[in-house]
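Colleague: The structure file model.cif (mmCIF, C-alpha atoms and all ligand atoms) is provided below.
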```
data_upload
#
loop_
_atom_site.group_PDB
_atom_site.id
_atom_site.type_symbol
_atom_site.label_atom_id
_atom_site.label_comp_id
_atom_site.auth_asym_id
_atom_site.auth_seq_id
_atom_site.Cartn_x
_atom_site.Cartn_y
_atom_site.Cartn_z
ATOM 1 C CA MET A 1 23.897 -47.351 -5.901
ATOM 2 C CA LYS A 2 25.576 -45.379 -3.153
ATOM 3 C CA ILE A 3 23.696 -42.569 -1.409
ATOM 4 C CA GLU A 4 25.706 -39.635 -0.075
ATOM 5 C CA LEU A 5 24.554 -36.578 1.841
ATOM 6 C CA ALA A 6 26.250 -33.244 1.158
ATOM 7 C CA SER A 7 28.780 -32.267 3.849
ATOM 8 C CA SER A 8 26.452 -29.401 4.841
ATOM 9 C CA TYR A 9 22.682 -29.384 4.236
ATOM 10 C CA GLY A 10 19.322 -28.484 5.736
ATOM 11 C CA PHE A 11 18.722 -26.433 8.866
ATOM 12 C CA CYS A 12 21.287 -23.863 9.885
ATOM 13 C CA TYR A 13 22.492 -23.492 13.465
ATOM 14 C CA GLY A 14 20.004 -20.689 14.239
ATOM 15 C CA VAL A 15 16.944 -22.621 13.040
ATOM 16 C CA LYS A 16 17.986 -25.836 14.834
ATOM 17 C CA ARG A 17 18.446 -23.832 18.024
ATOM 18 C CA ALA A 18 15.064 -22.075 17.636
ATOM 19 C CA ILE A 19 13.265 -25.400 17.218
ATOM 20 C CA GLU A 20 14.998 -26.870 20.268
ATOM 21 C CA ILE A 21 14.043 -23.789 22.303
ATOM 22 C CA ALA A 22 10.413 -23.995 21.104
ATOM 23 C CA GLU A 23 10.181 -27.721 21.903
ATOM 24 C CA LYS A 24 11.173 -26.948 25.499
ATOM 25 C CA HIS A 25 8.251 -24.504 25.812
ATOM 26 C CA GLN A 26 5.072 -26.457 25.164
ATOM 27 C CA ASN A 27 1.782 -24.527 24.912
ATOM 28 C CA SER A 28 3.527 -21.358 23.713
ATOM 29 C CA PHE A 29 2.962 -19.301 20.552
ATOM 30 C CA THR A 30 5.433 -18.254 17.913
ATOM 31 C CA TYR A 31 5.132 -14.703 16.639
ATOM 32 C CA GLY A 32 5.084 -15.473 12.910
ATOM 33 C CA PRO A 33 5.971 -18.957 11.589
ATOM 34 C CA LEU A 34 9.107 -20.308 13.236
ATOM 35 C CA ILE A 35 10.256 -21.767 9.936
ATOM 36 C CA HIS A 36 8.978 -21.770 6.334
ATOM 37 C CA ASN A 37 7.947 -25.408 6.363
ATOM 38 C CA LYS A 38 4.325 -26.304 6.960
ATOM 39 C CA ASP A 39 5.051 -29.938 7.934
ATOM 40 C CA GLU A 40 7.419 -28.786 10.694
ATOM 41 C CA ILE A 41 4.928 -26.159 11.956
ATOM 42 C CA LYS A 42 2.315 -28.935 12.112
ATOM 43 C CA ARG A 43 4.717 -31.240 13.983
ATOM 44 C CA LEU A 44 5.329 -28.505 16.584
ATOM 45 C CA LYS A 45 1.579 -27.919 16.910
ATOM 46 C CA ASP A 46 0.658 -31.616 17.172
ATOM 47 C CA GLY A 47 3.553 -32.673 19.392
ATOM 48 C CA PHE A 48 4.114 -29.611 21.582
ATOM 49 C CA ASN A 49 0.946 -27.509 21.218
ATOM 50 C CA ILE A 50 2.958 -24.597 19.853
ATOM 51 C CA GLY A 51 0.544 -22.202 18.180
ATOM 52 C CA LEU A 52 1.086 -19.380 15.750
ATOM 53 C CA VAL A 53 0.115 -15.704 15.937
ATOM 54 C CA GLU A 54 0.714 -13.529 12.895
ATOM 55 C CA LYS A 55 -0.024 -10.071 14.337
ATOM 56 C CA ILE A 56 1.285 -8.542 17.531
ATOM 57 C CA GLY A 57 -2.232 -7.278 18.303
ATOM 58 C CA ASP A 58 -3.464 -10.883 18.451
ATOM 59 C CA ILE A 59 -1.052 -11.807 21.268
ATOM 60 C CA LYS A 60 -2.923 -12.066 24.555
ATOM 61 C CA ASN A 61 -1.371 -10.983 27.853
ATOM 62 C CA ASP A 62 -1.007 -14.487 29.222
ATOM 63 C CA ASN A 63 0.579 -15.958 26.073
ATOM 64 C CA ALA A 64 4.149 -17.238 26.229
ATOM 65 C CA VAL A 65 5.732 -15.951 23.008
ATOM 66 C CA VAL A 66 8.636 -17.438 21.089
ATOM 67 C CA ILE A 67 10.638 -14.811 19.175
ATOM 68 C CA ARG A 68 11.833 -16.108 15.792
ATOM 69 C CA THR A 69 15.430 -16.351 14.540
ATOM 70 C CA HIS A 70 15.048 -13.042 12.644
ATOM 71 C CA GLY A 71 14.306 -11.132 15.840
ATOM 72 C CA ILE A 72 11.678 -8.394 16.191
ATOM 73 C CA PRO A 73 11.744 -4.583 16.407
ATOM 74 C CA LYS A 74 12.630 -3.079 19.769
ATOM 75 C CA ASN A 75 9.226 -1.394 20.214
ATOM 76 C CA GLU A 76 7.402 -4.706 19.699
ATOM 77 C CA LEU A 77 9.631 -6.356 22.297
ATOM 78 C CA ALA A 78 8.880 -3.492 24.684
ATOM 79 C CA LEU A 79 5.149 -3.942 24.071
ATOM 80 C CA LEU A 80 5.331 -7.672 24.887
ATOM 81 C CA LYS A 81 7.258 -6.859 28.066
ATOM 82 C CA LYS A 82 4.679 -4.237 29.017
ATOM 83 C CA GLN A 83 1.901 -6.761 28.466
ATOM 84 C CA GLU A 84 3.885 -9.048 30.765
ATOM 85 C CA ASN A 85 4.031 -11.797 28.185
ATOM 86 C CA LYS A 86 6.534 -14.524 28.941
ATOM 87 C CA ILE A 87 9.202 -13.999 26.279
ATOM 88 C CA ILE A 88 11.131 -16.971 24.943
ATOM 89 C CA ASP A 89 13.850 -15.453 22.826
ATOM 90 C CA ALA A 90 14.971 -17.672 19.941
ATOM 91 C CA THR A 91 16.589 -14.798 18.020
ATOM 92 C CA CYS A 92 19.674 -16.236 16.316
ATOM 93 C CA PRO A 93 22.870 -14.973 18.012
ATOM 94 C CA TYR A 94 24.129 -14.001 14.543
ATOM 95 C CA VAL A 95 21.179 -11.570 14.357
ATOM 96 C CA THR A 96 21.565 -10.272 17.920
ATOM 97 C CA THR A 97 25.124 -9.223 16.997
ATOM 98 C CA PRO A 98 24.153 -6.552 14.404
ATOM 99 C CA GLN A 99 21.317 -5.391 16.703
ATOM 100 C CA ASN A 100 23.857 -4.755 19.479
ATOM 101 C CA ILE A 101 26.394 -3.142 17.131
ATOM 102 C CA VAL A 102 23.769 -0.739 15.761
ATOM 103 C CA ALA A 103 22.689 0.218 19.291
ATOM 104 C CA LYS A 104 26.288 0.825 20.437
ATOM 105 C CA MET A 105 27.553 2.711 17.372
ATOM 106 C CA SER A 106 24.436 4.862 17.174
ATOM 107 C CA LYS A 107 24.874 5.750 20.844
ATOM 108 C CA GLU A 108 28.491 6.721 20.135
ATOM 109 C CA GLY A 109 27.303 9.186 17.491
ATOM 110 C CA TYR A 110 28.115 7.233 14.340
ATOM 111 C CA SER A 111 25.832 7.295 11.314
ATOM 112 C CA VAL A 112 24.686 3.723 10.894
ATOM 113 C CA VAL A 113 24.407 2.112 7.460
ATOM 114 C CA ILE A 114 22.697 -1.254 7.199
ATOM 115 C CA PHE A 115 23.190 -3.228 3.995
ATOM 116 C CA GLY A 116 19.957 -5.199 3.519
ATOM 117 C CA ASP A 117 16.317 -5.363 2.428
ATOM 118 C CA LYS A 118 14.088 -2.752 4.077
ATOM 119 C CA GLU A 119 11.133 -5.124 4.149
ATOM 120 C CA HIS A 120 12.985 -8.085 5.643
ATOM 121 C CA PRO A 121 11.952 -8.786 9.266
ATOM 122 C CA GLU A 122 15.595 -9.120 10.323
ATOM 123 C CA ILE A 123 16.401 -5.632 9.019
ATOM 124 C CA LYS A 124 13.255 -4.088 10.495
ATOM 125 C CA GLY A 125 14.509 -5.451 13.809
ATOM 126 C CA VAL A 126 18.149 -4.390 13.408
ATOM 127 C CA VAL A 127 17.399 -0.781 12.396
ATOM 128 C CA SER A 128 15.026 -0.353 15.333
ATOM 129 C CA TYR A 129 18.026 -0.612 17.695
ATOM 130 C CA ALA A 130 19.565 2.651 16.442
ATOM 131 C CA GLU A 131 19.318 5.269 19.164
ATOM 132 C CA ASP A 132 19.017 8.022 16.552
ATOM 133 C CA GLN A 133 16.518 6.793 13.949
ATOM 134 C CA ASN A 134 17.248 9.858 11.757
ATOM 135 C CA ASN A 135 20.844 8.766 11.509
ATOM 136 C CA ALA A 136 20.339 5.121 10.492
ATOM 137 C CA PHE A 137 19.996 4.160 6.829
ATOM 138 C CA ILE A 138 19.168 0.930 5.016
ATOM 139 C CA VAL A 139 20.702 0.480 1.560
ATOM 140 C CA LEU A 140 20.625 -2.344 -0.916
ATOM 141 C CA LYS A 141 22.861 -0.840 -3.607
ATOM 142 C CA GLN A 142 25.872 1.399 -3.538
ATOM 143 C CA GLU A 143 23.996 4.076 -5.577
ATOM 144 C CA GLU A 144 21.570 4.447 -2.685
ATOM 145 C CA LEU A 145 24.382 5.920 -0.579
ATOM 146 C CA GLU A 146 24.458 9.022 -2.766
ATOM 147 C CA GLY A 147 22.829 11.990 -1.098
ATOM 148 C CA LEU A 148 22.404 10.364 2.306
ATOM 149 C CA PRO A 149 23.071 12.855 5.142
ATOM 150 C CA LEU A 150 25.855 10.719 6.659
ATOM 151 C CA LYS A 151 28.277 12.083 9.243
ATOM 152 C CA ASN A 152 32.030 11.671 8.790
ATOM 153 C CA LYS A 153 31.931 8.743 11.228
ATOM 154 C CA VAL A 154 30.042 5.817 9.728
ATOM 155 C CA ALA A 155 29.383 2.294 11.040
ATOM 156 C CA LEU A 156 28.350 -0.426 8.612
ATOM 157 C CA VAL A 157 26.664 -3.797 9.211
ATOM 158 C CA SER A 158 25.068 -6.314 6.840
ATOM 159 C CA GLN A 159 21.955 -8.459 6.738
ATOM 160 C CA THR A 160 23.132 -11.951 7.694
ATOM 161 C CA THR A 161 22.198 -13.607 4.386
ATOM 162 C CA LYS A 162 23.793 -11.126 1.968
ATOM 163 C CA LYS A 163 26.647 -11.972 -0.391
ATOM 164 C CA PRO A 164 30.114 -10.824 0.752
ATOM 165 C CA GLU A 165 30.931 -9.494 -2.777
ATOM 166 C CA ASP A 166 27.928 -7.143 -2.615
ATOM 167 C CA PHE A 167 28.770 -6.036 0.936
ATOM 168 C CA LEU A 168 32.287 -5.125 -0.225
ATOM 169 C CA LYS A 169 30.879 -2.750 -2.852
ATOM 170 C CA ILE A 170 29.211 -0.745 -0.069
ATOM 171 C CA VAL A 171 32.413 -0.876 2.024
ATOM 172 C CA ASN A 172 34.468 0.452 -0.900
ATOM 173 C CA ALA A 173 32.072 3.264 -1.677
ATOM 174 C CA LEU A 174 31.949 4.418 1.955
ATOM 175 C CA ILE A 175 35.703 4.277 2.494
ATOM 176 C CA LEU A 176 36.312 6.526 -0.493
ATOM 177 C CA THR A 177 33.898 9.180 0.735
ATOM 178 C CA HIS A 178 34.160 9.175 4.554
ATOM 179 C CA LYS A 179 36.917 9.829 7.057
ATOM 180 C CA GLU A 180 36.110 7.015 9.436
ATOM 181 C CA VAL A 181 34.274 3.835 8.494
ATOM 182 C CA ARG A 182 33.788 1.047 11.034
ATOM 183 C CA VAL A 183 32.952 -2.138 9.123
ATOM 184 C CA PHE A 184 31.324 -5.049 10.952
ATOM 185 C CA ASN A 185 31.078 -8.199 8.889
ATOM 186 C CA THR A 186 27.786 -9.616 10.167
ATOM 187 C CA ILE A 187 27.222 -11.986 7.229
ATOM 188 C CA CYS A 188 26.386 -15.556 8.245
ATOM 189 C CA ASN A 189 27.956 -18.286 6.124
ATOM 190 C CA ALA A 190 25.268 -20.948 6.646
ATOM 191 C CA THR A 191 23.583 -20.492 3.248
ATOM 192 C CA PHE A 192 26.871 -20.509 1.346
ATOM 193 C CA GLU A 193 28.104 -23.601 3.179
ATOM 194 C CA ASN A 194 25.066 -25.573 1.932
ATOM 195 C CA GLN A 195 25.563 -24.237 -1.604
ATOM 196 C CA ASP A 196 29.276 -25.058 -1.754
ATOM 197 C CA ALA A 197 28.675 -28.542 -0.352
ATOM 198 C CA ALA A 198 25.880 -29.244 -2.891
ATOM 199 C CA ALA A 199 28.115 -28.126 -5.786
ATOM 200 C CA GLU A 200 30.996 -30.305 -4.610
ATOM 201 C CA LEU A 201 28.785 -33.394 -4.286
ATOM 202 C CA ALA A 202 26.927 -32.744 -7.572
ATOM 203 C CA LYS A 203 30.262 -32.813 -9.435
ATOM 204 C CA ARG A 204 30.676 -36.469 -8.441
ATOM 205 C CA ALA A 205 27.027 -37.582 -8.417
ATOM 206 C CA ASP A 206 25.074 -39.259 -11.241
ATOM 207 C CA VAL A 207 21.794 -38.005 -9.821
ATOM 208 C CA MET A 208 21.141 -35.261 -7.238
ATOM 209 C CA ILE A 209 18.054 -34.983 -5.078
ATOM 210 C CA VAL A 210 17.441 -31.600 -3.442
ATOM 211 C CA ILE A 211 14.753 -31.664 -0.750
ATOM 212 C CA GLY A 212 12.933 -28.429 -0.070
ATOM 213 C CA GLY A 213 9.875 -26.294 -0.651
ATOM 214 C CA ARG A 214 9.011 -25.556 -4.278
ATOM 215 C CA HIS A 215 8.581 -21.898 -3.310
ATOM 216 C CA SER A 216 11.730 -21.703 -1.224
ATOM 217 C CA SER A 217 14.256 -19.505 -3.041
ATOM 218 C CA ASN A 218 17.025 -21.132 -1.044
ATOM 219 C CA SER A 219 16.025 -24.666 -2.182
ATOM 220 C CA LYS A 220 15.574 -23.590 -5.817
ATOM 221 C CA MET A 221 19.051 -22.066 -5.695
ATOM 222 C CA LEU A 222 20.485 -25.364 -4.414
ATOM 223 C CA GLN A 223 18.836 -27.236 -7.273
ATOM 224 C CA SER A 224 20.106 -24.774 -9.860
ATOM 225 C CA ILE A 225 23.657 -24.949 -8.450
ATOM 226 C CA SER A 226 23.476 -28.763 -8.452
ATOM 227 C CA GLN A 227 22.177 -28.837 -12.008
ATOM 228 C CA GLN A 228 25.178 -26.903 -13.255
ATOM 229 C CA GLN A 229 27.311 -29.862 -12.172
ATOM 230 C CA CYS A 230 24.891 -32.744 -12.527
ATOM 231 C CA GLU A 231 22.215 -32.534 -15.220
ATOM 232 C CA GLU A 232 19.920 -34.951 -13.413
ATOM 233 C CA SER A 233 19.157 -32.801 -10.381
ATOM 234 C CA TYR A 234 15.633 -32.873 -9.004
ATOM 235 C CA LEU A 235 13.872 -30.699 -6.421
ATOM 236 C CA ILE A 236 11.294 -32.576 -4.332
ATOM 237 C CA GLU A 237 9.273 -31.641 -1.249
ATOM 238 C CA ASN A 238 9.073 -35.142 0.204
ATOM 239 C CA GLU A 239 9.571 -38.845 -0.575
ATOM 240 C CA SER A 240 6.225 -39.224 -2.377
ATOM 241 C CA GLU A 241 7.662 -37.263 -5.315
ATOM 242 C CA LEU A 242 10.555 -39.637 -6.001
ATOM 243 C CA ASN A 243 10.500 -41.282 -9.437
ATOM 244 C CA PRO A 244 12.133 -44.764 -9.456
ATOM 245 C CA GLU A 245 13.395 -44.220 -13.016
ATOM 246 C CA TRP A 246 15.762 -41.461 -11.836
ATOM 247 C CA PHE A 247 17.922 -44.094 -10.166
ATOM 248 C CA ASN A 248 18.258 -46.596 -13.039
ATOM 249 C CA ASN A 249 21.910 -47.438 -13.776
ATOM 250 C CA LYS A 250 23.257 -44.800 -11.386
ATOM 251 C CA GLU A 251 26.247 -45.282 -9.119
ATOM 252 C CA LEU A 252 26.093 -42.257 -6.836
ATOM 253 C CA CYS A 253 22.985 -40.423 -5.636
ATOM 254 C CA GLY A 254 23.786 -37.116 -3.929
ATOM 255 C CA ILE A 255 21.390 -35.481 -1.480
ATOM 256 C CA SER A 256 21.085 -31.895 -0.342
ATOM 257 C CA ALA A 257 18.294 -30.011 1.432
ATOM 258 C CA GLY A 258 17.133 -26.420 1.807
ATOM 259 C CA ALA A 259 17.544 -24.439 5.012
ATOM 260 C CA SER A 260 13.902 -25.020 6.020
ATOM 261 C CA THR A 261 13.870 -28.795 5.519
ATOM 262 C CA PRO A 262 13.732 -30.772 8.774
ATOM 263 C CA ASP A 263 15.934 -33.828 9.275
ATOM 264 C CA TRP A 264 12.966 -36.201 9.563
ATOM 265 C CA ILE A 265 11.805 -35.354 6.012
ATOM 266 C CA ILE A 266 15.371 -35.871 4.728
ATOM 267 C CA GLN A 267 15.534 -39.240 6.493
ATOM 268 C CA ASN A 268 12.208 -40.329 4.934
ATOM 269 C CA VAL A 269 13.622 -39.521 1.493
ATOM 270 C CA VAL A 270 16.851 -41.454 2.145
ATOM 271 C CA ASN A 271 14.849 -44.468 3.378
ATOM 272 C CA LYS A 272 12.629 -44.424 0.294
ATOM 273 C CA ILE A 273 15.589 -44.206 -2.097
ATOM 274 C CA GLN A 274 17.202 -47.148 -0.292
ATOM 275 C CA GLU A 275 13.952 -49.090 -0.694
ATOM 276 C CA LEU A 276 13.771 -48.298 -4.414
ATOM 277 C CA ASN A 277 17.397 -49.312 -4.752
ATOM 278 C CA ASN A 278 16.868 -52.816 -3.356
HETATM 279 S S1 LIG A 301 21.777 -15.866 10.842
HETATM 280 FE FE1 LIG A 301 22.577 -17.715 9.875
HETATM 281 S S2 LIG A 301 22.511 -19.289 11.473
HETATM 282 FE FE2 LIG A 301 21.213 -17.583 12.141
HETATM 283 S S3 LIG A 301 19.158 -18.127 11.429
HETATM 284 FE FE3 LIG A 301 20.055 -16.836 9.855
HETATM 285 S S4 LIG A 301 20.988 -18.273 8.392
HETATM 286 FE FE4 LIG A 301 20.597 -19.405 10.299
#
```
Can the structure in the file be given as structure tokens, please?
Ligand code: SF4
Modeller:
Amino acid sequence: MKIELASSYGFCYGVKRAIEIAEKHQNSFTYGPLIHNKDEIKRLKDGFNIGLVEKIGDIKNDNAVVIRTHGIPKNELALLKKQENKIIDATCPYVTTPQNIVAKMSKEGYSVVIFGDKEHPEIKGVVSYAEDQNNAFIVLKQEELEGLPLKNKVALVSQTTKKPEDFLKIVNALILTHKEVRVFNTICNATFENQDAAAELAKRADVMIVIGGRHSSNSKMLQSISQQQCEESYLIENESELNPEWFNNKELCGISAGASTPDWIIQNVVNKIQELNN
């Protein structure tokens, strides 16, 4: 049986970068978990003494603090600076971009519309960069635009992980009702690249193994997409969950992994499948 990895899988650029940055700063703390994978958090703790603080109030003045890929609100950053914490900024550059756009357009007097989830840490960070907080609005659906006190000049950005089709609905609605709309496509393609690659491989595979957290919506989505093409698609967290029977009389085993699955877990799974195959 041949084993083939999807052409795109696992960590995105921003997460890989954040982990590399953290590894270079031993004995620091991350503000919130760096990644939604407990094995990787443990590896960073055991190998690099990188701790975790959940609340800003728990950060002590002498702590070196790693900022996560999602970024943090401007006032929290200011507080850390005031406390003279050493700041190690691992905010993904694809998230810094909408933060900067919001700051600039708000300063230029545009109403700012952010397409995203109010409660998502990335969006809490992005909106905080608007100079005029009364003129910055977060919407998830086009209906939510109705009744907003927007000026004639509107600037629009998106949460990085949103679907382009949904972003376009907001663009269309704004263009029909406002004189000037500046649209900034701040969507990051990382999630879709993994999904497209899993679908392509699943079409050819006899069995698909998706590696990722059982509670990770991103990993569950990969399994569901794979299953549409390949009925025998299984979601596992690590190699201990592999069932040898899945590989009986199969010619091609495809492998994909969620955005929070580290390479070393993927490699352990590949090694185990090879072992079972011999
Ligand atoms: S913006 Fe894209 S590359 Fe950056 S952390 Fe998010 S998914 Fe990864």
Colleague: Any idea what's packed within 9 Å of A:Lys153, counting all atoms listed in the file, ignoring anything in its chain fewer than 5 positions away? Could you give it as a PyMOL selection string?
Modeller: chain A and resi 109-112+178-182
Colleague: Store the residues picked out above in a file with C-alpha atoms, as a compact mmCIF listing (two decimals), in the coordinates of the input.
Modeller:
```
# COMPACT_ATOMS: atom_id res chain seq x y z
CA GLY A 109 27.30 9.19 17.49
CA TYR A 110 28.12 7.23 14.34
CA SER A 111 25.83 7.30 11.31
CA VAL A 112 24.69 3.72 10.89
CA HIS A 178 34.16 9.18 4.55
CA LYS A 179 36.92 9.83 7.06
CA GLU A 180 36.11 7.02 9.44
CA VAL A 181 34.27 3.84 8.49
CA ARG A 182 33.79 1.05 11.03
```
Colleague: Considering only C-alpha atoms, return as a PyMOL selection string whatever protein or nucleic-acid residues lie within 10 Å of stretch 8-15 of chain A, sequence-local ones (same chain, fewer than 4 positions apart) excluded.
Modeller: chain A and resi 19-21+34-35+68-70+90-95+188-198+210-212+219+222+255-263+266
Colleague: For the PyMOL selection byres (((chain A and resi 73) around 10) and not hetatm), applied here, can you spell out every residue it catches as a list in words?
Modeller: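 That expression, the PyMOL selection byres (((chain A and resi 73) around 10) and not hetatm), corresponds here to His70, Gly71, Ile72, Lys74, Asn75, Glu76, Leu77, Ala78, Gln99, Pro121, Glu122, Ile123, Lys124, Gly125, Val126, Val127, Ser128 and Tyr129 of chain A.
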Colleague: Could you please determine the separation between atom CA of A:Lys24 and atom CA of A:Lys55 in Å, to one decimal place?
Modeller: 23.1 Å
Colleague: Using only C-alpha atoms, which of A:Asn100, A:Asn268, A:Phe137, A:Ser28 sits nearest A:Lys86?
Modeller: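 Of the candidates, the smallest distance to A:Lys86 is held by A:Ser28.
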Colleague: In Å, with one decimal, what is the gap from atom CA of A:Val269 to atom CA of A:His25?
Modeller: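 If I compute the distance from atom CA of A:Val269 to atom CA of A:His25, I get 29.1 Å.
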Colleague: Can you list what the PyMOL selection byres (((chain A and resi 146) around 12) and not hetatm) grabs from this structure, as JSON, numbers by chain?
Modeller: {"A": [137, 139, 141, 142, 143, 144, 145, 147, 148, 149, 150, 170, 173, 174, 177]}
Colleague: Produce the centre coordinates and the three edge lengths, each in Å to one decimal, of the box along x, y and z that contains all listed atoms of ligand LIG 301 (chain A) with 6 Å added on each side, as AutoDock Vina command-line options.
Modeller:
```
--center_x 20.9 --center_y -17.6 --center_z 10.3 --size_x 15.4 --size_y 15.5 --size_z 15.7
```
Colleague: Measuring atom to atom with all atoms listed in the file, identify which of A:Asn135, A:Asn37, A:Thr160, A:Thr97 is nearest to ligand LIG 301 (chain A).
Modeller: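 Ranked by minimum distance to ligand LIG 301 (chain A), first place goes to A:Thr160.
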Colleague: Which residues fall under the PyMOL selection byres (((chain A and resi 23) around 12) and not hetatm) in this file, as a PyMOL selection string?
Modeller: chain A and resi 16-22+24-30+34+40-41+43-51+66+88+90
Colleague: Please compute the atom CA of A:Asn277-atom CA of A:Lys2 distance, one decimal, in Å.
Modeller: 9.2 Å
Colleague: Between A:Gln229, A:Asn248, A:Ser158, A:Asn243, which one has atoms that come closest to ligand LIG 301 (chain A), using only C-alpha atoms and all ligand atoms?
Modeller: A:Ser158
Colleague: Rank A:Ile114, A:Asp166, A:Ile187, A:Ser224 by their smallest atom-to-atom distance to A:Val154, using all atoms listed in the file, and report the top residue only.
Modeller: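 Smallest separation from A:Val154 among the options: A:Ile114.
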Colleague: Counting only C-alpha atoms and all ligand atoms, figure out which residue out of A:Ile67, A:Val113, A:Ala130, A:Val207 gets nearest to ligand LIG 301 (chain A).
Modeller: A:Ile67
